[in-house]
Structures are given as structure tokens and as C-alpha cells.
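Raw model-v3.pdb, PDB, C-alpha atoms:
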ATOM      1  CA  LEU G   1     -93.082 131.658  -5.951  1.00  0.00           C
ATOM      2  CA  PHE G   2     -89.463 132.642  -5.349  1.00  0.00           C
ATOM      3  CA  CYS G   3     -87.209 129.954  -3.960  1.00  0.00           C
ATOM      4  CA  GLN G   4     -83.544 129.431  -4.702  1.00  0.00           C
ATOM      5  CA  SER G   5     -81.495 126.295  -4.153  1.00  0.00           C
ATOM      6  CA  HIS G   6     -77.755 125.894  -3.757  1.00  0.00           C
ATOM      7  CA  PHE G   7     -77.551 126.168  -7.555  1.00  0.00           C
ATOM      8  CA  SER G   8     -77.913 129.943  -7.022  1.00  0.00           C
ATOM      9  CA  PHE G   9     -74.375 130.273  -5.744  1.00  0.00           C
ATOM     10  CA  LEU G  10     -73.891 132.527  -2.707  1.00  0.00           C
ATOM     11  CA  SER G  11     -77.667 133.097  -2.459  1.00  0.00           C
ATOM     12  CA  ALA G  12     -78.961 129.842  -0.975  1.00  0.00           C
ATOM     13  CA  ALA G  13     -77.655 126.756   0.786  1.00  0.00           C
ATOM     14  CA  ALA G  14     -80.407 124.123   0.585  1.00  0.00           C
ATOM     15  CA  SER G  15     -80.548 121.472  -2.105  1.00  0.00           C
ATOM     16  CA  PRO G  16     -83.571 121.201  -4.400  1.00  0.00           C
ATOM     17  CA  GLU G  17     -84.372 117.873  -2.710  1.00  0.00           C
ATOM     18  CA  GLN G  18     -84.386 119.486   0.738  1.00  0.00           C
ATOM     19  CA  LEU G  19     -86.541 122.359  -0.471  1.00  0.00           C
ATOM     20  CA  VAL G  20     -89.337 120.208  -1.899  1.00  0.00           C
ATOM     21  CA  CYS G  21     -89.321 117.873   1.119  1.00  0.00           C
ATOM     22  CA  THR G  22     -89.514 120.788   3.547  1.00  0.00           C
ATOM     23  CA  ALA G  23     -92.212 122.550   1.541  1.00  0.00           C
ATOM     24  CA  ASP G  24     -94.241 119.329   1.402  1.00  0.00           C
ATOM     25  CA  SER G  25     -93.875 118.739   5.146  1.00  0.00           C
ATOM     26  CA  LEU G  26     -95.081 122.311   5.767  1.00  0.00           C
ATOM     27  CA  GLY G  27     -98.191 121.627   3.694  1.00  0.00           C
ATOM     28  CA  TYR G  28     -97.328 123.779   0.682  1.00  0.00           C
ATOM     29  CA  GLN G  29     -99.402 122.977  -2.386  1.00  0.00           C
ATOM     30  CA  ALA G  30     -96.652 124.123  -4.759  1.00  0.00           C
ATOM     31  CA  LEU G  31     -93.102 125.435  -4.798  1.00  0.00           C
ATOM     32  CA  ALA G  32     -91.507 127.530  -7.532  1.00  0.00           C
ATOM     33  CA  LEU G  33     -87.843 126.660  -7.883  1.00  0.00           C
ATOM     34  CA  THR G  34     -86.321 129.860  -9.294  1.00  0.00           C
ATOM     35  CA  ASP G  35     -82.547 129.695  -9.308  1.00  0.00           C
ATOM     36  CA  GLU G  36     -80.727 132.636 -10.838  1.00  0.00           C
ATOM     37  CA  CYS G  37     -80.510 132.222 -14.622  1.00  0.00           C
ATOM     38  CA  SER G  38     -80.711 128.465 -14.195  1.00  0.00           C
ATOM     39  CA  VAL G  39     -83.011 125.459 -14.093  1.00  0.00           C
ATOM     40  CA  ALA G  40     -80.209 123.216 -12.778  1.00  0.00           C
ATOM     41  CA  GLY G  41     -82.133 122.041  -9.714  1.00  0.00           C
ATOM     42  CA  VAL G  42     -85.409 121.195 -11.427  1.00  0.00           C
ATOM     43  CA  VAL G  43     -84.575 117.586 -12.347  1.00  0.00           C
ATOM     44  CA  ARG G  44     -83.403 116.793  -8.817  1.00  0.00           C
ATOM     45  CA  ALA G  45     -86.490 118.382  -7.296  1.00  0.00           C
ATOM     46  CA  HIS G  46     -88.795 116.549  -9.702  1.00  0.00           C
ATOM     47  CA  ARG G  47     -87.041 113.223  -9.038  1.00  0.00           C
ATOM     48  CA  GLN G  48     -87.362 113.738  -5.271  1.00  0.00           C
ATOM     49  CA  ILE G  49     -91.081 114.476  -5.591  1.00  0.00           C
ATOM     50  CA  LYS G  50     -91.601 111.261  -7.597  1.00  0.00           C
ATOM     51  CA  GLN G  51     -89.380 109.030  -5.424  1.00  0.00           C
ATOM     52  CA  GLN G  52     -90.850 110.229  -2.133  1.00  0.00           C
ATOM     53  CA  GLN G  53     -94.382 110.476  -3.561  1.00  0.00           C
ATOM     54  CA  LEU G  54     -94.687 114.032  -2.309  1.00  0.00           C
ATOM     55  CA  LYS G  55     -97.964 115.872  -2.827  1.00  0.00           C
ATOM     56  CA  ILE G  56     -96.313 119.165  -3.733  1.00  0.00           C
ATOM     57  CA  ARG G  57     -96.460 120.582  -7.266  1.00  0.00           C
ATOM     58  CA  LEU G  58     -93.202 121.909  -8.715  1.00  0.00           C
ATOM     59  CA  ILE G  59     -93.328 125.204 -10.603  1.00  0.00           C
ATOM     60  CA  VAL G  60     -90.339 125.748 -12.878  1.00  0.00           C
ATOM     61  CA  GLY G  61     -88.897 129.221 -13.161  1.00  0.00           C
ATOM     62  CA  SER G  62     -85.808 131.358 -12.978  1.00  0.00           C
ATOM     63  CA  TYR G  63     -84.705 134.641 -11.431  1.00  0.00           C
ATOM     64  CA  PHE G  64     -82.983 137.365 -13.478  1.00  0.00           C
ATOM     65  CA  ARG G  65     -81.337 140.717 -12.920  1.00  0.00           C
ATOM     66  CA  TYR G  66     -81.199 143.281 -15.698  1.00  0.00           C
ATOM     67  CA  ALA G  67     -79.275 146.527 -15.465  1.00  0.00           C
ATOM     68  CA  ALA G  68     -78.800 147.652 -11.869  1.00  0.00           C
ATOM     69  CA  ASP G  69     -82.441 148.036 -10.945  1.00  0.00           C
ATOM     70  CA  LEU G  70     -84.641 145.408 -12.607  1.00  0.00           C
ATOM     71  CA  ARG G  71     -85.293 142.023 -11.026  1.00  0.00           C
ATOM     72  CA  LEU G  72     -87.684 139.494 -12.558  1.00  0.00           C
ATOM     73  CA  LEU G  73     -88.952 135.973 -12.076  1.00  0.00           C
ATOM     74  CA  LEU G  74     -89.980 134.049 -15.169  1.00  0.00           C
ATOM     75  CA  LEU G  75     -92.346 131.161 -14.399  1.00  0.00           C
ATOM     76  CA  CYS G  76     -93.370 128.375 -16.765  1.00  0.00           C
ATOM     77  CA  PRO G  77     -97.060 127.493 -16.905  1.00  0.00           C
ATOM     78  CA  ASP G  78     -96.493 124.894 -19.654  1.00  0.00           C
ATOM     79  CA  ARG G  79     -93.872 123.122 -21.815  1.00  0.00           C
ATOM     80  CA  LYS G  80     -93.816 125.901 -24.402  1.00  0.00           C
ATOM     81  CA  ALA G  81     -92.888 128.401 -21.686  1.00  0.00           C
ATOM     82  CA  TYR G  82     -90.254 125.980 -20.359  1.00  0.00           C
ATOM     83  CA  ALA G  83     -88.631 125.808 -23.818  1.00  0.00           C
ATOM     84  CA  GLU G  84     -88.712 129.597 -23.974  1.00  0.00           C
ATOM     85  CA  LEU G  85     -87.099 129.912 -20.536  1.00  0.00           C
ATOM     86  CA  CYS G  86     -84.346 127.461 -21.494  1.00  0.00           C
ATOM     87  CA  ARG G  87     -83.664 129.457 -24.676  1.00  0.00           C
ATOM     88  CA  ILE G  88     -83.391 132.685 -22.683  1.00  0.00           C
ATOM     89  CA  ILE G  89     -81.047 131.089 -20.137  1.00  0.00           C
ATOM     90  CA  SER G  90     -78.849 129.615 -22.903  1.00  0.00           C
ATOM     91  CA  ASN G  91     -78.598 132.958 -24.693  1.00  0.00           C
ATOM     92  CA  CYS G  92     -77.789 134.803 -21.457  1.00  0.00           C
ATOM     93  CA  ARG G  93     -75.059 132.324 -20.546  1.00  0.00           C
ATOM     94  CA  ARG G  94     -73.523 132.263 -24.040  1.00  0.00           C
ATOM     95  CA  ARG G  95     -72.950 135.997 -24.144  1.00  0.00           C
ATOM     96  CA  ALA G  96     -71.114 136.163 -20.805  1.00  0.00           C
ATOM     97  CA  ASP G  97     -68.037 134.670 -19.165  1.00  0.00           C
ATOM     98  CA  LYS G  98     -68.333 131.288 -17.450  1.00  0.00           C
ATOM     99  CA  GLY G  99     -70.330 131.539 -14.236  1.00  0.00           C
ATOM    100  CA  GLN G 100     -71.949 134.809 -15.334  1.00  0.00           C
ATOM    101  CA  TYR G 101     -74.908 135.768 -17.503  1.00  0.00           C
ATOM    102  CA  ARG G 102     -76.055 138.815 -19.402  1.00  0.00           C
ATOM    103  CA  LEU G 103     -79.768 139.322 -19.910  1.00  0.00           C
ATOM    104  CA  GLU G 104     -80.562 141.633 -22.814  1.00  0.00           C
ATOM    105  CA  GLU G 105     -83.670 143.659 -23.509  1.00  0.00           C
ATOM    106  CA  TRP G 106     -84.198 141.489 -26.586  1.00  0.00           C
ATOM    107  CA  ASP G 107     -84.517 138.401 -24.342  1.00  0.00           C
ATOM    108  CA  LEU G 108     -87.372 140.063 -22.505  1.00  0.00           C
ATOM    109  CA  LYS G 109     -89.038 141.325 -25.676  1.00  0.00           C
ATOM    110  CA  SER G 110     -88.953 137.802 -27.117  1.00  0.00           C
ATOM    111  CA  CYS G 111     -90.617 136.307 -24.040  1.00  0.00           C
ATOM    112  CA  ARG G 112     -94.155 135.320 -25.111  1.00  0.00           C
ATOM    113  CA  ASP G 113     -95.150 132.362 -22.930  1.00  0.00           C
ATOM    114  CA  CYS G 114     -93.629 132.743 -19.476  1.00  0.00           C
ATOM    115  CA  LEU G 115     -95.416 134.477 -16.635  1.00  0.00           C
ATOM    116  CA  VAL G 116     -93.423 137.469 -15.416  1.00  0.00           C
ATOM    117  CA  LEU G 117     -93.178 138.509 -11.775  1.00  0.00           C
ATOM    118  CA  TRP G 118     -91.574 141.911 -11.273  1.00  0.00           C
ATOM    119  CA  LEU G 119     -89.699 142.625  -8.035  1.00  0.00           C
ATOM    120  CA  PRO G 120     -89.684 146.446  -7.694  1.00  0.00           C
ATOM    121  CA  SER G 121     -86.406 148.076  -6.678  1.00  0.00           C
ATOM    122  CA  ALA G 122     -87.847 150.715  -4.308  1.00  0.00           C
ATOM    123  CA  ILE G 123     -86.226 153.402  -6.467  1.00  0.00           C
ATOM    124  CA  PRO G 124     -89.295 155.430  -7.503  1.00  0.00           C
ATOM    125  CA  ALA G 125     -88.042 156.812 -10.840  1.00  0.00           C
ATOM    126  CA  SER G 126     -86.661 153.445 -11.882  1.00  0.00           C
ATOM    127  CA  ASP G 127     -89.815 151.600 -10.866  1.00  0.00           C
ATOM    128  CA  GLN G 128     -91.980 154.047 -12.813  1.00  0.00           C
ATOM    129  CA  HIS G 129     -89.866 153.458 -15.918  1.00  0.00           C
ATOM    130  CA  TRP G 130     -89.755 149.662 -15.614  1.00  0.00           C
ATOM    131  CA  GLY G 131     -93.393 149.367 -14.574  1.00  0.00           C
ATOM    132  CA  ALA G 132     -94.551 151.120 -17.748  1.00  0.00           C
ATOM    133  CA  TRP G 133     -92.104 149.205 -19.949  1.00  0.00           C
ATOM    134  CA  LEU G 134     -92.982 145.815 -18.461  1.00  0.00           C
ATOM    135  CA  LYS G 135     -96.726 146.483 -18.699  1.00  0.00           C
ATOM    136  CA  ARG G 136     -96.344 147.279 -22.418  1.00  0.00           C
ATOM    137  CA  GLN G 137     -94.304 144.139 -23.025  1.00  0.00           C
ATOM    138  CA  PHE G 138     -96.196 141.582 -20.968  1.00  0.00           C
ATOM    139  CA  GLY G 139     -99.709 142.910 -20.352  1.00  0.00           C
ATOM    140  CA  SER G 140    -101.812 140.363 -18.466  1.00  0.00           C
ATOM    141  CA  ARG G 141     -98.823 138.000 -17.952  1.00  0.00           C
ATOM    142  CA  LEU G 142     -97.168 140.539 -15.614  1.00  0.00           C
ATOM    143  CA  TYR G 143     -97.529 140.418 -11.836  1.00  0.00           C
ATOM    144  CA  LEU G 144     -96.024 142.560  -9.119  1.00  0.00           C
ATOM    145  CA  ALA G 145     -94.108 140.368  -6.678  1.00  0.00           C
ATOM    146  CA  GLN G 146     -94.069 141.714  -3.130  1.00  0.00           C
ATOM    147  CA  GLN G 147     -91.401 140.654  -0.660  1.00  0.00           C
ATOM    148  CA  ARG G 148     -91.149 141.292   3.041  1.00  0.00           C
ATOM    149  CA  VAL G 149     -87.613 142.529   3.549  1.00  0.00           C
ATOM    150  CA  LEU G 150     -88.100 142.945   7.307  1.00  0.00           C
ATOM    151  CA  ASP G 151     -85.955 146.028   7.729  1.00  0.00           C
ATOM    152  CA  ALA G 152     -86.702 149.570   8.876  1.00  0.00           C
ATOM    153  CA  CYS G 153     -87.958 150.493   5.388  1.00  0.00           C
ATOM    154  CA  ASP G 154     -90.305 147.519   4.962  1.00  0.00           C
ATOM    155  CA  TYR G 155     -93.519 149.479   5.591  1.00  0.00           C
ATOM    156  CA  ASP G 156     -92.536 152.142   3.046  1.00  0.00           C
ATOM    157  CA  TYR G 157     -91.567 149.452   0.530  1.00  0.00           C
ATOM    158  CA  GLN G 158     -94.935 147.706   0.938  1.00  0.00           C
ATOM    159  CA  GLN G 159     -96.749 151.001   0.392  1.00  0.00           C
ATOM    160  CA  HIS G 160     -94.591 151.692  -2.668  1.00  0.00           C
ATOM    161  CA  CYS G 161     -95.457 148.251  -4.108  1.00  0.00           C
ATOM    162  CA  GLN G 162     -99.163 148.794  -3.502  1.00  0.00           C
ATOM    163  CA  GLN G 163     -99.001 152.143  -5.305  1.00  0.00           C
ATOM    164  CA  LEU G 164     -97.218 150.526  -8.265  1.00  0.00           C
ATOM    165  CA  SER G 165     -99.761 147.715  -8.350  1.00  0.00           C
ATOM    166  CA  HIS G 166    -102.597 150.229  -8.451  1.00  0.00           C
ATOM    167  CA  LYS G 167    -100.961 152.589 -10.965  1.00  0.00           C
ATOM    168  CA  PHE G 168    -100.053 149.868 -13.476  1.00  0.00           C
ATOM    169  CA  GLU G 169    -103.129 147.735 -12.702  1.00  0.00           C
ATOM    170  CA  LEU G 170    -100.989 144.734 -11.779  1.00  0.00           C
ATOM    171  CA  PRO G 171    -102.140 141.879  -9.604  1.00  0.00           C
ATOM    172  CA  ALA G 172     -99.812 141.576  -6.623  1.00  0.00           C
ATOM    173  CA  CYS G 173     -98.534 138.287  -5.274  1.00  0.00           C
ATOM    174  CA  ALA G 174     -96.463 137.483  -2.216  1.00  0.00           C
ATOM    175  CA  VAL G 175     -93.051 135.909  -2.758  1.00  0.00           C
ATOM    176  CA  GLY G 176     -90.248 134.809  -0.461  1.00  0.00           C
ATOM    177  CA  ALA G 177     -86.991 136.653  -0.094  1.00  0.00           C
TER     178      ALA G 177
END
Could I get this structure in the form of C-alpha cells?
Amino acid sequence: LFCQSHFSFLSAAASPEQLVCTADSLGYQALALTDECSVAGVVRAHRQIKQQQLKIRLIVGSYFRYAADLRLLLLCPDRKAYAELCRIISNCRRRADKGQYRLEEWDLKSCRDCLVLWLPSAIPASDQHWGAWLKRQFGSRLYLAQQRVLDACDYDYQQHCQQLSHKFELPACAVGA
């Protein structure tokens, strides 16, 4: 549910085509392509799936950072959500310099159709604030996305995520790093 291609500059190296082929060969049922503030790799991934007759389902989404401590994935369950995601990306890109983006609170408040996966920051006060705010905004469309960071603090981070999931009554889902 969190996979970036080389269209997320300095974050990933694989092409969308490589990602869907590898995921299919590993037996994945679906892959969410979630480049940062972009859907640039979606057409290439979709074309590769069709040309190679892969069995994998492509989930369209995008990754966003807001302020210093909020990270989100927006996933599109349907065409209406896809249009909404494209509008958000366009607005974010228009209000920033080339190669940058600026997500505003208004963008999030206007999000009505996308599924929202929240990646907690591990900063307790910040996560309490954002957890409450996100729950008010998105209700049943909000999920807590848990990552394995595989460092010395991983166990504490997993416990923190479980506490947030329980406190805000959020279903938790596992995502890649």
C-alpha cells in the first residue's frame, strides 16, 4: 500500500514497470503506486500490466507530507477519488516552485473520496493532535498505516502505533517503507 517509483526523486530507484513485474512475480494481488505528490508512474505501470498480461491489480495513490510531522497516503478506490487526487496534486504543485509542492490544510479538508492512510510520526504530542484532527476530517475513510522501520526504536514505534489505533479506533494496515 506504499510503494514509490523513480518518479519520487531521491526516494526510489525502480521504474513503475519493474515494480509491477516484480510484485506480480512475487504473487502480490495488488500494488499501490504512491509516488510523492504525483501519479506520473501510473500510466506506465498500467500499460505494463496490460502488455504483459500480469495478474496484479494496480491501486492508484500518492504520498504527501504536511508541516514537519504529518505524512499521509491518499488512495483512490474509484474514478471520482482519482479526479480528486489529481486536483489535489495540481493545486499543491501550482502553489510551489517547480519540483516542489505545498499541501495545505484546505486540500485535506476538501478530500471527500480518497481513502486516507496516516503514517504516525512517533512524536507523541504531534500524533495525538493529528490523530484527533484526521479522525474528525475523514472518519471511516482513515486508516493507521504501520511501517517496520527496523531500527533500535522499532518495537517502541509499533507499540505507539497500536496505542494510536486503539485510542482513535482506527483500523491498522501494514505498509512498506
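Take the candidates G:Ile56, G:Leu70, G:Cys86, G:Cys37 and check each one against Val20 (chain G) using only C-alpha atoms; the shortest distance goes to G:Ile56.
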Leu19 (chain G) surroundings by all atoms listed in the file, 9 Å radius, close-in-sequence under 2 positions cut, as number ranges by chain: G: 3-5, 14-17, 21-24, 31, 33, 45
G:Leu1, G:Leu72, G:Leu164, G:Cys153 ranked by distance to Ala132 (chain G), top pick (using all atoms listed in the file):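 Looking at the shortest contact to Ala132 (chain G), the residue is G:Leu164.
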Residues matched by the PyMOL selection byres ((chain G and resi 95-110) around 10), written as a list in words: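 The output of the PyMOL selection byres ((chain G and resi 95-110) around 10) on this file is Phe9, Glu36, Cys37, Ser38, Phe64, Arg65, Tyr66, Ala67, Leu72, Leu74, Glu84, Leu85, Arg87, Ile88, Ile89, Ser90, Asn91, Cys92, Arg93, Arg94, Cys111, Arg112, Asp113, Val116, Leu134, Arg136, Gln137 and Phe138 of chain G.
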For Gln159 (chain G): contacts at 12 Å, all atoms listed in the file, fewer than 5 positions along chain excluded, given as an NGL selection string: :G and (120 or 122 or 124 or 146-148 or 153-154 or 164-166)
Nearby residues, (-103.3, 146.7, -12.8) file frame, 10 Å, all atoms listed in the file, as a list in words: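 Checking each residue against the 10 Å limit leaves Lys135, Gly139, Ser140, Leu142, Tyr143, Leu144, Leu164, Ser165, His166, Lys167, Phe168, Glu169, Leu170, Pro171 and Ala172 of chain G.
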Length of the CA of Gln51 (chain G) to CA of Ser11 (chain G) vector [Å]: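 Separation between CA of Gln51 (chain G) and CA of Ser11 (chain G): 26.9 Å.
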Result set of the PyMOL selection byres ((chain G and resi 174) around 6) on the coordinates above, as a PDB file with C-alpha atoms, in the frame of the given file:
ATOM      1  CA  ALA G 145     -94.108 140.368  -6.678  1.00  0.00           C
ATOM      2  CA  GLN G 146     -94.069 141.714  -3.130  1.00  0.00           C
ATOM      3  CA  CYS G 173     -98.534 138.287  -5.274  1.00  0.00           C
ATOM      4  CA  VAL G 175     -93.051 135.909  -2.758  1.00  0.00           C
TER       5      VAL G 175
END
Of the listed residues G:Pro77, G:Gly41, G:Gly131, G:Gly61, that which approaches Phe2 (chain G) most closely, counting all atoms listed in the file: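 Of G:Pro77, G:Gly41, G:Gly131, G:Gly61, the one nearest Phe2 (chain G) is G:Gly61, counting all atoms listed in the file.
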Complete region 130-151 of chain G at the level of N, CA and C atoms, written as a PDB file, in the coordinates of the input.
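Generated file (result32.pdb):
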ATOM      1  N   TRP G 130     -89.638 151.097 -15.358  1.00  0.00           N
ATOM      2  CA  TRP G 130     -89.755 149.662 -15.614  1.00  0.00           C
ATOM      3  C   TRP G 130     -91.205 149.190 -15.541  1.00  0.00           C
ATOM      4  N   GLY G 131     -91.986 149.754 -14.651  1.00  0.00           N
ATOM      5  CA  GLY G 131     -93.393 149.367 -14.574  1.00  0.00           C
ATOM      6  C   GLY G 131     -94.113 149.608 -15.884  1.00  0.00           C
ATOM      7  N   ALA G 132     -93.914 150.789 -16.470  1.00  0.00           N
ATOM      8  CA  ALA G 132     -94.551 151.120 -17.748  1.00  0.00           C
ATOM      9  C   ALA G 132     -94.016 150.230 -18.866  1.00  0.00           C
ATOM     10  N   TRP G 133     -92.716 150.023 -18.904  1.00  0.00           N
ATOM     11  CA  TRP G 133     -92.104 149.205 -19.949  1.00  0.00           C
ATOM     12  C   TRP G 133     -92.587 147.758 -19.859  1.00  0.00           C
ATOM     13  N   LEU G 134     -92.567 147.202 -18.654  1.00  0.00           N
ATOM     14  CA  LEU G 134     -92.982 145.815 -18.461  1.00  0.00           C
ATOM     15  C   LEU G 134     -94.465 145.615 -18.787  1.00  0.00           C
ATOM     16  N   LYS G 135     -95.287 146.577 -18.410  1.00  0.00           N
ATOM     17  CA  LYS G 135     -96.726 146.483 -18.699  1.00  0.00           C
ATOM     18  C   LYS G 135     -96.958 146.461 -20.215  1.00  0.00           C
ATOM     19  N   ARG G 136     -96.220 147.279 -20.945  1.00  0.00           N
ATOM     20  CA  ARG G 136     -96.344 147.279 -22.418  1.00  0.00           C
ATOM     21  C   ARG G 136     -95.911 145.941 -23.008  1.00  0.00           C
ATOM     22  N   GLN G 137     -94.850 145.381 -22.480  1.00  0.00           N
ATOM     23  CA  GLN G 137     -94.304 144.139 -23.025  1.00  0.00           C
ATOM     24  C   GLN G 137     -95.137 142.909 -22.688  1.00  0.00           C
ATOM     25  N   PHE G 138     -95.620 142.837 -21.444  1.00  0.00           N
ATOM     26  CA  PHE G 138     -96.196 141.582 -20.968  1.00  0.00           C
ATOM     27  C   PHE G 138     -97.688 141.619 -20.665  1.00  0.00           C
ATOM     28  N   GLY G 139     -98.266 142.799 -20.555  1.00  0.00           N
ATOM     29  CA  GLY G 139     -99.709 142.910 -20.352  1.00  0.00           C
ATOM     30  C   GLY G 139    -100.232 142.057 -19.214  1.00  0.00           C
ATOM     31  N   SER G 140    -101.157 141.159 -19.507  1.00  0.00           N
ATOM     32  CA  SER G 140    -101.812 140.363 -18.466  1.00  0.00           C
ATOM     33  C   SER G 140    -100.936 139.243 -17.913  1.00  0.00           C
ATOM     34  N   ARG G 141     -99.749 139.019 -18.484  1.00  0.00           N
ATOM     35  CA  ARG G 141     -98.823 138.000 -17.952  1.00  0.00           C
ATOM     36  C   ARG G 141     -97.884 138.579 -16.892  1.00  0.00           C
ATOM     37  N   LEU G 142     -98.040 139.863 -16.575  1.00  0.00           N
ATOM     38  CA  LEU G 142     -97.168 140.539 -15.614  1.00  0.00           C
ATOM     39  C   LEU G 142     -97.840 140.651 -14.255  1.00  0.00           C
ATOM     40  N   TYR G 143     -97.077 140.314 -13.224  1.00  0.00           N
ATOM     41  CA  TYR G 143     -97.529 140.418 -11.836  1.00  0.00           C
ATOM     42  C   TYR G 143     -96.487 141.196 -11.045  1.00  0.00           C
ATOM     43  N   LEU G 144     -96.945 141.877 -10.023  1.00  0.00           N
ATOM     44  CA  LEU G 144     -96.024 142.560  -9.119  1.00  0.00           C
ATOM     45  C   LEU G 144     -95.762 141.623  -7.944  1.00  0.00           C
ATOM     46  N   ALA G 145     -94.507 141.290  -7.740  1.00  0.00           N
ATOM     47  CA  ALA G 145     -94.108 140.368  -6.678  1.00  0.00           C
ATOM     48  C   ALA G 145     -93.684 141.175  -5.449  1.00  0.00           C
ATOM     49  N   GLN G 146     -94.390 140.988  -4.361  1.00  0.00           N
ATOM     50  CA  GLN G 146     -94.069 141.714  -3.130  1.00  0.00           C
ATOM     51  C   GLN G 146     -93.314 140.816  -2.163  1.00  0.00           C
ATOM     52  N   GLN G 147     -92.218 141.349  -1.652  1.00  0.00           N
ATOM     53  CA  GLN G 147     -91.401 140.654  -0.660  1.00  0.00           C
ATOM     54  C   GLN G 147     -91.444 141.403   0.657  1.00  0.00           C
ATOM     55  N   ARG G 148     -91.356 140.677   1.734  1.00  0.00           N
ATOM     56  CA  ARG G 148     -91.149 141.292   3.041  1.00  0.00           C
ATOM     57  C   ARG G 148     -89.653 141.283   3.292  1.00  0.00           C
ATOM     58  N   VAL G 149     -89.057 142.456   3.337  1.00  0.00           N
ATOM     59  CA  VAL G 149     -87.613 142.529   3.549  1.00  0.00           C
ATOM     60  C   VAL G 149     -87.250 142.643   5.019  1.00  0.00           C
ATOM     61  N   LEU G 150     -88.253 142.919   5.855  1.00  0.00           N
ATOM     62  CA  LEU G 150     -88.100 142.945   7.307  1.00  0.00           C
ATOM     63  C   LEU G 150     -86.955 143.838   7.783  1.00  0.00           C
ATOM     64  N   ASP G 151     -86.901 145.033   7.240  1.00  0.00           N
ATOM     65  CA  ASP G 151     -85.955 146.028   7.729  1.00  0.00           C
ATOM     66  C   ASP G 151     -86.732 147.292   8.086  1.00  0.00           C
TER      67      ASP G 151
END
